[in-house]
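Okay, model.csv is below, CSV, C-alpha atoms:
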```csv
chain,number,residue,atom,x,y,z
A,154,MET,CA,-16.0,9.0,-6.4
A,155,GLU,CA,-15.5,11.6,-9.0
A,156,LYS,CA,-13.5,10.1,-11.9
A,157,ILE,CA,-10.7,12.7,-11.8
A,158,VAL,CA,-10.3,12.2,-8.0
A,159,GLU,CA,-10.2,8.5,-8.4
A,160,GLN,CA,-7.6,8.8,-11.2
A,161,GLY,CA,-5.5,11.0,-9.1
A,162,LEU,CA,-5.6,8.6,-6.1
A,163,LEU,CA,-4.8,5.6,-8.3
A,164,TYR,CA,-2.0,7.6,-9.9
A,165,ASP,CA,-0.5,8.6,-6.5
A,166,PHE,CA,-0.3,5.0,-5.5
A,167,TYR,CA,0.6,3.2,-8.7
A,168,GLY,CA,1.9,5.9,-11.0
A,169,GLU,CA,5.5,4.7,-10.5
A,170,LEU,CA,4.6,1.5,-12.4
A,171,LEU,CA,3.7,3.4,-15.6
A,172,THR,CA,6.4,4.4,-18.2
A,173,ASP,CA,7.7,8.0,-18.2
A,174,HIS,CA,5.8,8.7,-21.3
A,175,GLN,CA,2.5,7.4,-19.9
A,176,ARG,CA,3.1,9.3,-16.6
A,177,HIS,CA,3.8,12.5,-18.4
A,178,ILE,CA,0.6,12.4,-20.4
A,179,TYR,CA,-1.6,11.0,-17.6
A,180,GLU,CA,-0.4,13.9,-15.4
A,181,ASP,CA,-1.3,16.4,-18.0
A,182,VAL,CA,-4.8,15.1,-18.1
A,183,VAL,CA,-5.4,14.4,-14.4
A,184,PHE,CA,-3.4,17.1,-12.6
A,185,ASN,CA,-2.8,19.8,-15.2
A,186,ASP,CA,-6.3,19.7,-16.6
A,187,MET,CA,-5.2,19.9,-20.2
A,188,SER,CA,-7.5,18.9,-23.0
A,189,LEU,CA,-6.8,15.9,-25.3
A,190,SER,CA,-6.2,18.2,-28.2
A,191,GLU,CA,-3.7,20.3,-26.3
A,192,ILE,CA,-1.8,17.2,-25.3
A,193,ALA,CA,-2.0,15.7,-28.8
A,194,GLU,CA,-0.4,18.9,-30.2
A,195,GLU,CA,2.3,19.0,-27.5
A,196,GLN,CA,3.2,15.4,-28.0
A,197,GLY,CA,2.8,15.4,-31.8
A,198,ILE,CA,0.4,12.4,-31.7
A,199,SER,CA,-3.3,12.2,-32.7
A,200,ARG,CA,-6.1,13.1,-30.3
A,201,GLN,CA,-7.3,9.5,-30.6
A,202,GLY,CA,-3.8,8.3,-29.6
A,203,VAL,CA,-3.9,10.4,-26.4
A,204,HIS,CA,-7.4,9.1,-25.7
A,205,ASP,CA,-6.3,5.5,-26.1
A,206,LEU,CA,-3.2,6.0,-23.9
A,207,ILE,CA,-5.3,7.5,-21.1
A,208,LYS,CA,-7.8,4.6,-21.3
A,209,ARG,CA,-4.9,2.1,-21.2
A,210,CYS,CA,-3.3,3.8,-18.2
A,211,ASP,CA,-6.8,3.8,-16.5
A,212,ARG,CA,-6.9,0.0,-17.1
A,213,ILE,CA,-3.4,-0.6,-15.9
A,214,LEU,CA,-3.9,1.4,-12.7
A,215,ALA,CA,-7.3,-0.2,-12.0
A,216,GLY,CA,-5.6,-3.6,-12.5
A,217,TYR,CA,-3.0,-2.9,-9.8
A,218,GLU,CA,-5.7,-1.7,-7.4
A,219,GLU,CA,-7.8,-4.9,-8.1
A,220,LYS,CA,-4.8,-7.0,-7.0
A,221,LEU,CA,-3.1,-4.8,-4.3
A,222,ARG,CA,-6.0,-2.8,-2.8
A,223,MET,CA,-3.7,-0.1,-1.6
A,224,VAL,CA,-6.2,2.8,-2.2
A,225,GLU,CA,-8.9,0.8,-0.4
A,226,LYS,CA,-6.7,0.1,2.6
A,227,PHE,CA,-5.4,3.6,2.6
A,228,ASN,CA,-8.9,5.0,2.7
A,229,GLN,CA,-10.0,2.6,5.5
A,230,THR,CA,-7.0,3.5,7.6
A,231,LYS,CA,-7.5,7.2,7.0
A,232,ARG,CA,-11.1,7.1,8.1
A,233,MET,CA,-10.2,5.2,11.3
A,234,VAL,CA,-7.3,7.5,12.2
A,235,GLU,CA,-9.5,10.5,11.7
A,236,GLU,CA,-12.0,8.9,14.1
A,237,ILE,CA,-9.2,8.6,16.7
A,238,LYS,CA,-8.3,12.2,16.3
A,239,THR,CA,-11.9,13.3,16.7
A,240,LEU,CA,-12.4,11.0,19.7
A,241,ALA,CA,-9.3,12.5,21.4
A,242,GLY,CA,-10.6,16.0,20.8
A,243,THR,CA,-14.1,15.2,22.1
A,244,TYR,CA,-12.6,13.5,25.2
A,245,LYS,CA,-10.7,16.7,26.1
A,246,LYS,CA,-14.1,18.4,26.1
A,247,ASN,CA,-16.3,16.0,28.0
A,248,GLY,CA,-13.9,13.6,29.8
A,249,ASP,CA,-16.0,10.5,28.8
A,250,MET,CA,-13.7,7.6,29.6
A,251,SER,CA,-15.4,5.3,27.1
A,252,LEU,CA,-13.9,7.4,24.3
A,253,ILE,CA,-10.4,6.3,25.4
A,254,ASP,CA,-11.5,2.6,25.3
A,255,ARG,CA,-12.8,3.3,21.8
A,256,ILE,CA,-9.4,4.8,20.8
A,257,GLU,CA,-7.7,1.6,22.0
A,258,ALA,CA,-10.1,-0.6,20.1
A,259,ILE,CA,-9.8,1.3,16.9
A,260,SER,CA,-6.0,1.3,17.0
A,261,GLU,CA,-6.2,-2.5,17.6
A,262,GLU,CA,-8.5,-2.8,14.5
A,263,ILE,CA,-6.1,-0.8,12.3
A,264,GLY,CA,-3.2,-3.0,13.4
A,265,GLN,CA,-5.2,-5.9,12.0
A,266,LEU,CA,-6.1,-4.4,8.6
B,873,MET,CA,15.2,-7.8,9.1
B,874,GLU,CA,15.5,-11.6,8.9
B,875,LYS,CA,15.4,-12.6,5.2
B,876,ILE,CA,12.5,-15.0,5.5
B,877,VAL,CA,10.4,-12.4,7.4
B,878,GLU,CA,11.2,-9.8,4.8
B,879,GLN,CA,10.3,-12.2,2.0
B,880,GLY,CA,7.0,-13.0,3.8
B,881,LEU,CA,6.1,-9.3,4.1
B,882,LEU,CA,7.0,-8.5,0.5
B,883,TYR,CA,5.0,-11.5,-0.6
B,884,ASP,CA,2.0,-10.5,1.5
B,885,PHE,CA,1.9,-7.1,-0.3
B,886,TYR,CA,2.9,-7.9,-3.8
B,887,GLY,CA,2.5,-11.7,-4.2
B,888,GLU,CA,-0.7,-11.1,-6.3
B,889,LEU,CA,1.6,-9.6,-9.0
B,890,LEU,CA,3.5,-12.9,-9.5
B,891,THR,CA,2.3,-15.7,-11.7
B,892,ASP,CA,0.5,-18.7,-10.1
B,893,HIS,CA,3.5,-20.9,-10.7
B,894,GLN,CA,5.9,-18.4,-9.1
B,895,ARG,CA,3.5,-17.9,-6.1
B,896,HIS,CA,3.2,-21.7,-5.6
B,897,ILE,CA,7.0,-22.2,-5.4
B,898,TYR,CA,7.7,-19.0,-3.4
B,899,GLU,CA,5.1,-20.0,-0.8
B,900,ASP,CA,6.7,-23.4,-0.5
B,901,VAL,CA,10.0,-21.8,0.4
B,902,VAL,CA,8.9,-18.9,2.5
B,903,PHE,CA,5.8,-20.2,4.3
B,904,ASN,CA,6.0,-24.0,4.1
B,905,ASP,CA,9.7,-24.1,4.9
B,906,MET,CA,10.4,-26.7,2.1
B,907,SER,CA,14.0,-27.3,0.9
B,908,LEU,CA,15.0,-26.5,-2.7
B,909,SER,CA,15.5,-30.2,-3.4
B,910,GLU,CA,12.0,-31.1,-2.1
B,911,ILE,CA,10.4,-28.4,-4.3
B,912,ALA,CA,12.6,-29.5,-7.3
B,913,GLU,CA,11.3,-33.0,-6.9
B,914,GLU,CA,7.7,-32.0,-6.4
B,915,GLN,CA,7.8,-29.7,-9.5
B,916,GLY,CA,9.9,-31.9,-11.7
B,917,ILE,CA,12.5,-29.2,-12.3
B,918,SER,CA,16.1,-28.9,-11.3
B,919,ARG,CA,17.3,-27.6,-7.9
B,920,GLN,CA,19.0,-24.8,-9.8
B,921,GLY,CA,15.8,-24.0,-11.6
B,922,VAL,CA,14.0,-23.6,-8.2
B,923,HIS,CA,16.9,-21.5,-6.9
B,924,ASP,CA,16.8,-19.2,-10.0
B,925,LEU,CA,13.0,-18.8,-9.7
B,926,ILE,CA,13.2,-17.7,-6.1
B,927,LYS,CA,15.9,-15.2,-6.9
B,928,ARG,CA,13.8,-13.9,-9.7
B,929,CYS,CA,10.8,-13.5,-7.4
B,930,ASP,CA,12.9,-11.8,-4.8
B,931,ARG,CA,14.0,-9.3,-7.4
B,932,ILE,CA,10.5,-8.7,-8.7
B,933,LEU,CA,9.0,-8.2,-5.3
B,934,ALA,CA,11.9,-5.9,-4.2
B,935,GLY,CA,11.4,-3.9,-7.5
B,936,TYR,CA,7.8,-3.3,-6.6
B,937,GLU,CA,8.7,-2.2,-3.1
B,938,GLU,CA,11.3,0.2,-4.4
B,939,LYS,CA,8.6,1.8,-6.5
B,940,LEU,CA,5.6,1.6,-4.2
B,941,ARG,CA,7.0,1.5,-0.7
B,942,MET,CA,3.9,-0.2,0.7
B,943,VAL,CA,5.8,-2.3,3.2
B,944,GLU,CA,7.7,0.7,4.4
B,945,LYS,CA,4.5,2.8,4.8
B,946,PHE,CA,2.7,-0.1,6.4
B,947,ASN,CA,5.5,-0.5,9.0
B,948,GLN,CA,5.5,3.2,9.8
B,949,THR,CA,1.8,3.3,10.2
B,950,LYS,CA,1.8,0.1,12.3
B,951,ARG,CA,4.5,1.6,14.7
B,952,MET,CA,2.5,4.8,15.1
B,953,VAL,CA,-0.8,3.1,15.7
B,954,GLU,CA,0.8,0.8,18.3
B,955,GLU,CA,2.1,3.9,20.0
B,956,ILE,CA,-1.5,5.4,20.1
B,957,LYS,CA,-2.7,2.1,21.7
B,958,THR,CA,0.1,2.2,24.3
B,959,LEU,CA,-0.6,5.9,25.1
B,960,ALA,CA,-4.3,5.3,25.6
B,961,GLY,CA,-3.5,2.4,27.9
B,962,THR,CA,-1.0,4.5,29.9
B,963,TYR,CA,-3.5,7.4,30.1
B,964,LYS,CA,-6.1,5.1,31.7
B,965,LYS,CA,-3.5,4.4,34.5
B,966,ASN,CA,-2.0,7.8,35.1
B,967,GLY,CA,-4.5,10.4,33.7
B,968,ASP,CA,-1.7,12.5,32.2
B,969,MET,CA,-3.6,14.8,29.8
B,970,SER,CA,-0.5,15.4,27.6
B,971,LEU,CA,-0.8,11.8,26.4
B,972,ILE,CA,-4.2,12.7,24.8
B,973,ASP,CA,-2.5,15.6,23.0
B,974,ARG,CA,0.2,13.1,21.8
B,975,ILE,CA,-2.6,10.8,20.5
B,976,GLU,CA,-4.1,13.7,18.6
B,977,ALA,CA,-0.7,14.6,17.2
B,978,ILE,CA,0.2,11.1,16.1
B,979,SER,CA,-3.1,10.6,14.3
B,980,GLU,CA,-2.5,13.9,12.5
B,981,GLU,CA,0.9,12.6,11.5
B,982,ILE,CA,-0.5,9.3,10.2
B,983,GLY,CA,-3.0,11.2,8.1
B,984,GLN,CA,-0.1,12.9,6.4
B,985,LEU,CA,2.0,9.8,5.6
```
Go ahead and express the file in the form of structure tokens.
Amino acid sequence: MEKIVEQGLLYDFYGELLTDHQRHIYEDVVFNDMSLSEIAEEQGISRQGVHDLIKRCDRILAGYEEKLRMVEKFNQTKRMVEEIKTLAGTYKKNGDMSLIDRIEAISEEIGQL
Amino acid sequence: MEKIVEQGLLYDFYGELLTDHQRHIYEDVVFNDMSLSEIAEEQGISRQGVHDLIKRCDRILAGYEEKLRMVEKFNQTKRMVEEIKTLAGTYKKNGDMSLIDRIEAISEEIGQL
């Protein structure tokens, strides 16, 4: 996965566990596309300081994912639910009853994740 | 929700964020149905110490839920996926096409949670 996308997803799930200060700076990098120098100037800290803070946030967020696997489970569920939606749409076109069985089976699987 | 069920759910989601020691004692109470006195004896600490540790774990786990809402989202998703399963089963009996539309709509909703 592209790094910025991965950072965004991890932040969406675990961002609440960072401090306000960390969140502010992490958002500037990941969502507002600001450069380290711009942020350093805005915050009155060194460019290296910003760099270290981002690295530290990356490690904290990755640490939570390693333990809680929310992003992984979210992606799994999302894929399966999208499949259900596709199957329902296809069924409406071709009336193949085995697609309904497949929908039942997938919803059963999701319930067990 | 019954307290022990809620504790179990919170533990399933966030237990990895407790220390080994906390996990061990929390599991004894929540899953192994041991009394505080039994655990106190096993661990060589006071009954009050066990009581305080459990309270502390309850607070830690509730704090994570307040920030991350994993249990809440999990329960929402679970309810909706169960509905999809029921709708698919009912459709096989009565062939009411609107149920298929409902399945599509619910899977769309889940994707947006």
Compute the chain A side of the contact with chain B at 12 Å, counting all atoms listed in the file, and hand it back as a PDB file with C-alpha atoms, in the coordinates of the input.
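Dumped everything to result.pdb:
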```pdb
ATOM      1  CA  LEU A 163      -4.800   5.600  -8.300  1.00  0.00           C
ATOM      2  CA  TYR A 164      -2.000   7.600  -9.900  1.00  0.00           C
ATOM      3  CA  ASP A 165      -0.500   8.600  -6.500  1.00  0.00           C
ATOM      4  CA  PHE A 166      -0.300   5.000  -5.500  1.00  0.00           C
ATOM      5  CA  TYR A 167       0.600   3.200  -8.700  1.00  0.00           C
ATOM      6  CA  GLY A 168       1.900   5.900 -11.000  1.00  0.00           C
ATOM      7  CA  GLU A 169       5.500   4.700 -10.500  1.00  0.00           C
ATOM      8  CA  LEU A 170       4.600   1.500 -12.400  1.00  0.00           C
ATOM      9  CA  LEU A 171       3.700   3.400 -15.600  1.00  0.00           C
ATOM     10  CA  GLY A 216      -5.600  -3.600 -12.500  1.00  0.00           C
ATOM     11  CA  TYR A 217      -3.000  -2.900  -9.800  1.00  0.00           C
ATOM     12  CA  GLU A 218      -5.700  -1.700  -7.400  1.00  0.00           C
ATOM     13  CA  GLU A 219      -7.800  -4.900  -8.100  1.00  0.00           C
ATOM     14  CA  LYS A 220      -4.800  -7.000  -7.000  1.00  0.00           C
ATOM     15  CA  LEU A 221      -3.100  -4.800  -4.300  1.00  0.00           C
ATOM     16  CA  ARG A 222      -6.000  -2.800  -2.800  1.00  0.00           C
ATOM     17  CA  MET A 223      -3.700  -0.100  -1.600  1.00  0.00           C
ATOM     18  CA  VAL A 224      -6.200   2.800  -2.200  1.00  0.00           C
ATOM     19  CA  LYS A 226      -6.700   0.100   2.600  1.00  0.00           C
ATOM     20  CA  PHE A 227      -5.400   3.600   2.600  1.00  0.00           C
ATOM     21  CA  ASN A 228      -8.900   5.000   2.700  1.00  0.00           C
ATOM     22  CA  GLN A 229     -10.000   2.600   5.500  1.00  0.00           C
ATOM     23  CA  THR A 230      -7.000   3.500   7.600  1.00  0.00           C
ATOM     24  CA  LYS A 231      -7.500   7.200   7.000  1.00  0.00           C
ATOM     25  CA  ARG A 232     -11.100   7.100   8.100  1.00  0.00           C
ATOM     26  CA  MET A 233     -10.200   5.200  11.300  1.00  0.00           C
ATOM     27  CA  VAL A 234      -7.300   7.500  12.200  1.00  0.00           C
ATOM     28  CA  GLU A 235      -9.500  10.500  11.700  1.00  0.00           C
ATOM     29  CA  GLU A 236     -12.000   8.900  14.100  1.00  0.00           C
ATOM     30  CA  ILE A 237      -9.200   8.600  16.700  1.00  0.00           C
ATOM     31  CA  LYS A 238      -8.300  12.200  16.300  1.00  0.00           C
ATOM     32  CA  THR A 239     -11.900  13.300  16.700  1.00  0.00           C
ATOM     33  CA  LEU A 240     -12.400  11.000  19.700  1.00  0.00           C
ATOM     34  CA  ALA A 241      -9.300  12.500  21.400  1.00  0.00           C
ATOM     35  CA  GLY A 242     -10.600  16.000  20.800  1.00  0.00           C
ATOM     36  CA  THR A 243     -14.100  15.200  22.100  1.00  0.00           C
ATOM     37  CA  TYR A 244     -12.600  13.500  25.200  1.00  0.00           C
ATOM     38  CA  LYS A 245     -10.700  16.700  26.100  1.00  0.00           C
ATOM     39  CA  LYS A 246     -14.100  18.400  26.100  1.00  0.00           C
ATOM     40  CA  GLY A 248     -13.900  13.600  29.800  1.00  0.00           C
ATOM     41  CA  ASP A 249     -16.000  10.500  28.800  1.00  0.00           C
ATOM     42  CA  MET A 250     -13.700   7.600  29.600  1.00  0.00           C
ATOM     43  CA  SER A 251     -15.400   5.300  27.100  1.00  0.00           C
ATOM     44  CA  LEU A 252     -13.900   7.400  24.300  1.00  0.00           C
ATOM     45  CA  ILE A 253     -10.400   6.300  25.400  1.00  0.00           C
ATOM     46  CA  ASP A 254     -11.500   2.600  25.300  1.00  0.00           C
ATOM     47  CA  ARG A 255     -12.800   3.300  21.800  1.00  0.00           C
ATOM     48  CA  ILE A 256      -9.400   4.800  20.800  1.00  0.00           C
ATOM     49  CA  GLU A 257      -7.700   1.600  22.000  1.00  0.00           C
ATOM     50  CA  ALA A 258     -10.100  -0.600  20.100  1.00  0.00           C
ATOM     51  CA  ILE A 259      -9.800   1.300  16.900  1.00  0.00           C
ATOM     52  CA  SER A 260      -6.000   1.300  17.000  1.00  0.00           C
ATOM     53  CA  GLU A 261      -6.200  -2.500  17.600  1.00  0.00           C
ATOM     54  CA  GLU A 262      -8.500  -2.800  14.500  1.00  0.00           C
ATOM     55  CA  ILE A 263      -6.100  -0.800  12.300  1.00  0.00           C
ATOM     56  CA  GLY A 264      -3.200  -3.000  13.400  1.00  0.00           C
ATOM     57  CA  GLN A 265      -5.200  -5.900  12.000  1.00  0.00           C
ATOM     58  CA  LEU A 266      -6.100  -4.400   8.600  1.00  0.00           C
TER      59      LEU A 266
END
```
Write out chain B, as a PDB file with C-alpha atoms, keeping the file's coordinate frame, after superposing it onto chain A by least squares using every C-alpha atom paired in order.
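Generated file (result.pdb):
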```pdb
ATOM      1  CA  MET B 873     -16.006   8.876  -6.323  1.00  0.00           C
ATOM      2  CA  GLU B 874     -15.479  11.609  -8.935  1.00  0.00           C
ATOM      3  CA  LYS B 875     -13.467  10.104 -11.831  1.00  0.00           C
ATOM      4  CA  ILE B 876     -10.669  12.639 -11.750  1.00  0.00           C
ATOM      5  CA  VAL B 877     -10.226  12.194  -7.957  1.00  0.00           C
ATOM      6  CA  GLU B 878     -10.163   8.454  -8.366  1.00  0.00           C
ATOM      7  CA  GLN B 879      -7.630   8.719 -11.180  1.00  0.00           C
ATOM      8  CA  GLY B 880      -5.485  11.028  -8.980  1.00  0.00           C
ATOM      9  CA  LEU B 881      -5.523   8.539  -6.082  1.00  0.00           C
ATOM     10  CA  LEU B 882      -4.748   5.541  -8.277  1.00  0.00           C
ATOM     11  CA  TYR B 883      -1.958   7.511  -9.873  1.00  0.00           C
ATOM     12  CA  ASP B 884      -0.541   8.574  -6.515  1.00  0.00           C
ATOM     13  CA  PHE B 885      -0.224   4.875  -5.501  1.00  0.00           C
ATOM     14  CA  TYR B 886       0.709   3.146  -8.668  1.00  0.00           C
ATOM     15  CA  GLY B 887       1.933   5.879 -11.075  1.00  0.00           C
ATOM     16  CA  GLU B 888       5.576   4.686 -10.510  1.00  0.00           C
ATOM     17  CA  LEU B 889       4.592   1.461 -12.370  1.00  0.00           C
ATOM     18  CA  LEU B 890       3.788   3.343 -15.620  1.00  0.00           C
ATOM     19  CA  THR B 891       6.370   4.338 -18.163  1.00  0.00           C
ATOM     20  CA  ASP B 892       7.714   7.942 -18.156  1.00  0.00           C
ATOM     21  CA  HIS B 893       5.809   8.726 -21.311  1.00  0.00           C
ATOM     22  CA  GLN B 894       2.529   7.377 -19.899  1.00  0.00           C
ATOM     23  CA  ARG B 895       3.094   9.274 -16.568  1.00  0.00           C
ATOM     24  CA  HIS B 896       3.808  12.546 -18.457  1.00  0.00           C
ATOM     25  CA  ILE B 897       0.526  12.381 -20.439  1.00  0.00           C
ATOM     26  CA  TYR B 898      -1.603  11.044 -17.539  1.00  0.00           C
ATOM     27  CA  GLU B 899      -0.404  13.878 -15.291  1.00  0.00           C
ATOM     28  CA  ASP B 900      -1.308  16.384 -17.958  1.00  0.00           C
ATOM     29  CA  VAL B 901      -4.871  15.132 -17.967  1.00  0.00           C
ATOM     30  CA  VAL B 902      -5.439  14.405 -14.337  1.00  0.00           C
ATOM     31  CA  PHE B 903      -3.376  17.062 -12.540  1.00  0.00           C
ATOM     32  CA  ASN B 904      -2.764  19.812 -15.105  1.00  0.00           C
ATOM     33  CA  ASP B 905      -6.315  19.730 -16.416  1.00  0.00           C
ATOM     34  CA  MET B 906      -5.126  19.865 -20.112  1.00  0.00           C
ATOM     35  CA  SER B 907      -7.558  18.946 -22.941  1.00  0.00           C
ATOM     36  CA  LEU B 908      -6.868  15.930 -25.183  1.00  0.00           C
ATOM     37  CA  SER B 909      -6.297  18.242 -28.143  1.00  0.00           C
ATOM     38  CA  GLU B 910      -3.726  20.353 -26.224  1.00  0.00           C
ATOM     39  CA  ILE B 911      -1.799  17.208 -25.183  1.00  0.00           C
ATOM     40  CA  ALA B 912      -2.083  15.806 -28.789  1.00  0.00           C
ATOM     41  CA  GLU B 913      -0.513  18.963 -30.082  1.00  0.00           C
ATOM     42  CA  GLU B 914       2.176  19.142 -27.446  1.00  0.00           C
ATOM     43  CA  GLN B 915       3.133  15.446 -28.023  1.00  0.00           C
ATOM     44  CA  GLY B 916       2.758  15.399 -31.757  1.00  0.00           C
ATOM     45  CA  ILE B 917       0.307  12.501 -31.699  1.00  0.00           C
ATOM     46  CA  SER B 918      -3.326  12.254 -32.590  1.00  0.00           C
ATOM     47  CA  ARG B 919      -6.201  13.150 -30.220  1.00  0.00           C
ATOM     48  CA  GLN B 920      -7.281   9.530 -30.491  1.00  0.00           C
ATOM     49  CA  GLY B 921      -3.817   8.370 -29.614  1.00  0.00           C
ATOM     50  CA  VAL B 922      -3.939  10.484 -26.377  1.00  0.00           C
ATOM     51  CA  HIS B 923      -7.437   9.168 -25.638  1.00  0.00           C
ATOM     52  CA  ASP B 924      -6.307   5.508 -26.120  1.00  0.00           C
ATOM     53  CA  LEU B 925      -3.242   6.058 -23.885  1.00  0.00           C
ATOM     54  CA  ILE B 926      -5.312   7.407 -21.038  1.00  0.00           C
ATOM     55  CA  LYS B 927      -7.719   4.522 -21.277  1.00  0.00           C
ATOM     56  CA  ARG B 928      -4.824   2.165 -21.240  1.00  0.00           C
ATOM     57  CA  CYS B 929      -3.392   3.812 -18.127  1.00  0.00           C
ATOM     58  CA  ASP B 930      -6.739   3.747 -16.439  1.00  0.00           C
ATOM     59  CA  ARG B 931      -6.917   0.031 -17.051  1.00  0.00           C
ATOM     60  CA  ILE B 932      -3.393  -0.615 -15.841  1.00  0.00           C
ATOM     61  CA  LEU B 933      -3.793   1.371 -12.685  1.00  0.00           C
ATOM     62  CA  ALA B 934      -7.232  -0.222 -11.948  1.00  0.00           C
ATOM     63  CA  GLY B 935      -5.609  -3.706 -12.551  1.00  0.00           C
ATOM     64  CA  TYR B 936      -3.036  -2.973  -9.910  1.00  0.00           C
ATOM     65  CA  GLU B 937      -5.663  -1.809  -7.458  1.00  0.00           C
ATOM     66  CA  GLU B 938      -7.730  -4.910  -8.025  1.00  0.00           C
ATOM     67  CA  LYS B 939      -4.701  -6.957  -7.079  1.00  0.00           C
ATOM     68  CA  LEU B 940      -3.160  -4.852  -4.337  1.00  0.00           C
ATOM     69  CA  ARG B 941      -6.000  -2.858  -2.861  1.00  0.00           C
ATOM     70  CA  MET B 942      -3.677  -0.142  -1.562  1.00  0.00           C
ATOM     71  CA  VAL B 943      -6.113   2.676  -2.187  1.00  0.00           C
ATOM     72  CA  GLU B 944      -8.864   0.786  -0.481  1.00  0.00           C
ATOM     73  CA  LYS B 945      -6.673  -0.009   2.581  1.00  0.00           C
ATOM     74  CA  PHE B 946      -5.347   3.519   2.650  1.00  0.00           C
ATOM     75  CA  ASN B 947      -8.916   4.939   2.712  1.00  0.00           C
ATOM     76  CA  GLN B 948      -9.967   2.601   5.497  1.00  0.00           C
ATOM     77  CA  THR B 949      -6.981   3.425   7.563  1.00  0.00           C
ATOM     78  CA  LYS B 950      -7.389   7.174   6.908  1.00  0.00           C
ATOM     79  CA  ARG B 951     -11.123   7.033   8.064  1.00  0.00           C
ATOM     80  CA  MET B 952     -10.168   5.184  11.236  1.00  0.00           C
ATOM     81  CA  VAL B 953      -7.294   7.439  12.127  1.00  0.00           C
ATOM     82  CA  GLU B 954      -9.483  10.526  11.585  1.00  0.00           C
ATOM     83  CA  GLU B 955     -11.970   8.974  13.950  1.00  0.00           C
ATOM     84  CA  ILE B 956      -9.183   8.524  16.643  1.00  0.00           C
ATOM     85  CA  LYS B 957      -8.302  12.252  16.181  1.00  0.00           C
ATOM     86  CA  THR B 958     -11.963  13.289  16.551  1.00  0.00           C
ATOM     87  CA  LEU B 959     -12.409  11.074  19.668  1.00  0.00           C
ATOM     88  CA  ALA B 960      -9.343  12.497  21.365  1.00  0.00           C
ATOM     89  CA  GLY B 961     -10.590  15.998  20.642  1.00  0.00           C
ATOM     90  CA  THR B 962     -14.072  15.186  22.011  1.00  0.00           C
ATOM     91  CA  TYR B 963     -12.537  13.531  25.110  1.00  0.00           C
ATOM     92  CA  LYS B 964     -10.630  16.741  25.928  1.00  0.00           C
ATOM     93  CA  LYS B 965     -14.066  18.549  26.024  1.00  0.00           C
ATOM     94  CA  ASN B 966     -16.262  16.052  27.789  1.00  0.00           C
ATOM     95  CA  GLY B 967     -13.917  13.637  29.697  1.00  0.00           C
ATOM     96  CA  ASP B 968     -16.008  10.607  28.724  1.00  0.00           C
ATOM     97  CA  MET B 969     -13.655   7.697  29.535  1.00  0.00           C
ATOM     98  CA  SER B 970     -15.401   5.330  27.054  1.00  0.00           C
ATOM     99  CA  LEU B 971     -13.922   7.397  24.221  1.00  0.00           C
ATOM    100  CA  ILE B 972     -10.397   6.318  25.380  1.00  0.00           C
ATOM    101  CA  ASP B 973     -11.543   2.684  25.233  1.00  0.00           C
ATOM    102  CA  ARG B 974     -12.852   3.379  21.658  1.00  0.00           C
ATOM    103  CA  ILE B 975      -9.405   4.831  20.748  1.00  0.00           C
ATOM    104  CA  GLU B 976      -7.742   1.700  22.053  1.00  0.00           C
ATOM    105  CA  ALA B 977     -10.179  -0.455  20.119  1.00  0.00           C
ATOM    106  CA  ILE B 978      -9.801   1.385  16.841  1.00  0.00           C
ATOM    107  CA  SER B 979      -6.013   1.237  16.964  1.00  0.00           C
ATOM    108  CA  GLU B 980      -6.283  -2.509  17.585  1.00  0.00           C
ATOM    109  CA  GLU B 981      -8.508  -2.732  14.544  1.00  0.00           C
ATOM    110  CA  ILE B 982      -6.087  -0.763  12.354  1.00  0.00           C
ATOM    111  CA  GLY B 983      -3.285  -3.075  13.390  1.00  0.00           C
ATOM    112  CA  GLN B 984      -5.295  -5.940  11.997  1.00  0.00           C
ATOM    113  CA  LEU B 985      -6.166  -4.432   8.587  1.00  0.00           C
TER     114      LEU B 985
END
```
Checklist line | A:Gln175 environment, 8 Å, only C-alpha atoms, sequence neighbours closer than 2 positions dropped, as JSON, numbers by chain | finding: {"A": [171, 172, 173, 177, 178, 179, 206, 207, 210]}
Check: Quick one, how far is atom CA of A:Gln196 from atom CA of A:Glu180?
Finding: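 Interatomic distance, atom CA of A:Gln196 to atom CA of A:Glu180: 13.2 Å.
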Checklist line | Interatomic distance (Å, one decimal) between atom CA of B:His893 and atom CA of B:Leu881 | finding: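 Spanning atom CA of B:His893 to atom CA of B:Leu881 is a straight-line distance of 19.0 Å.
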Check: Which value, in Å to one decimal, gives the distance between atom CA of A:Ala193 and atom CA of A:Asp205?
Finding: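 We find that atom CA of A:Ala193 and atom CA of A:Asp205 lie 11.4 Å from each other.
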Just the residues within 9 Å of B:Ile876, please, counting all atoms listed in the file, with nothing from its chain fewer than 3 positions along; format it as a PDB file with C-alpha atoms, in the coordinates of the input.
```pdb
ATOM      1  CA  MET B 873      15.200  -7.800   9.100  1.00  0.00           C
ATOM      2  CA  GLN B 879      10.300 -12.200   2.000  1.00  0.00           C
ATOM      3  CA  GLY B 880       7.000 -13.000   3.800  1.00  0.00           C
ATOM      4  CA  LEU B 881       6.100  -9.300   4.100  1.00  0.00           C
ATOM      5  CA  VAL B 901      10.000 -21.800   0.400  1.00  0.00           C
ATOM      6  CA  VAL B 902       8.900 -18.900   2.500  1.00  0.00           C
ATOM      7  CA  PHE B 903       5.800 -20.200   4.300  1.00  0.00           C
TER       8      PHE B 903
END
```
Next item on the list: Considering all atoms listed in the file, return as JSON, numbers by chain whatever protein or nucleic-acid residues lie within 7 Å of A:Leu189, sequence-local ones (same chain, fewer than 3 positions apart) excluded.
Entry: {"A": [192, 193, 200, 203, 204]}
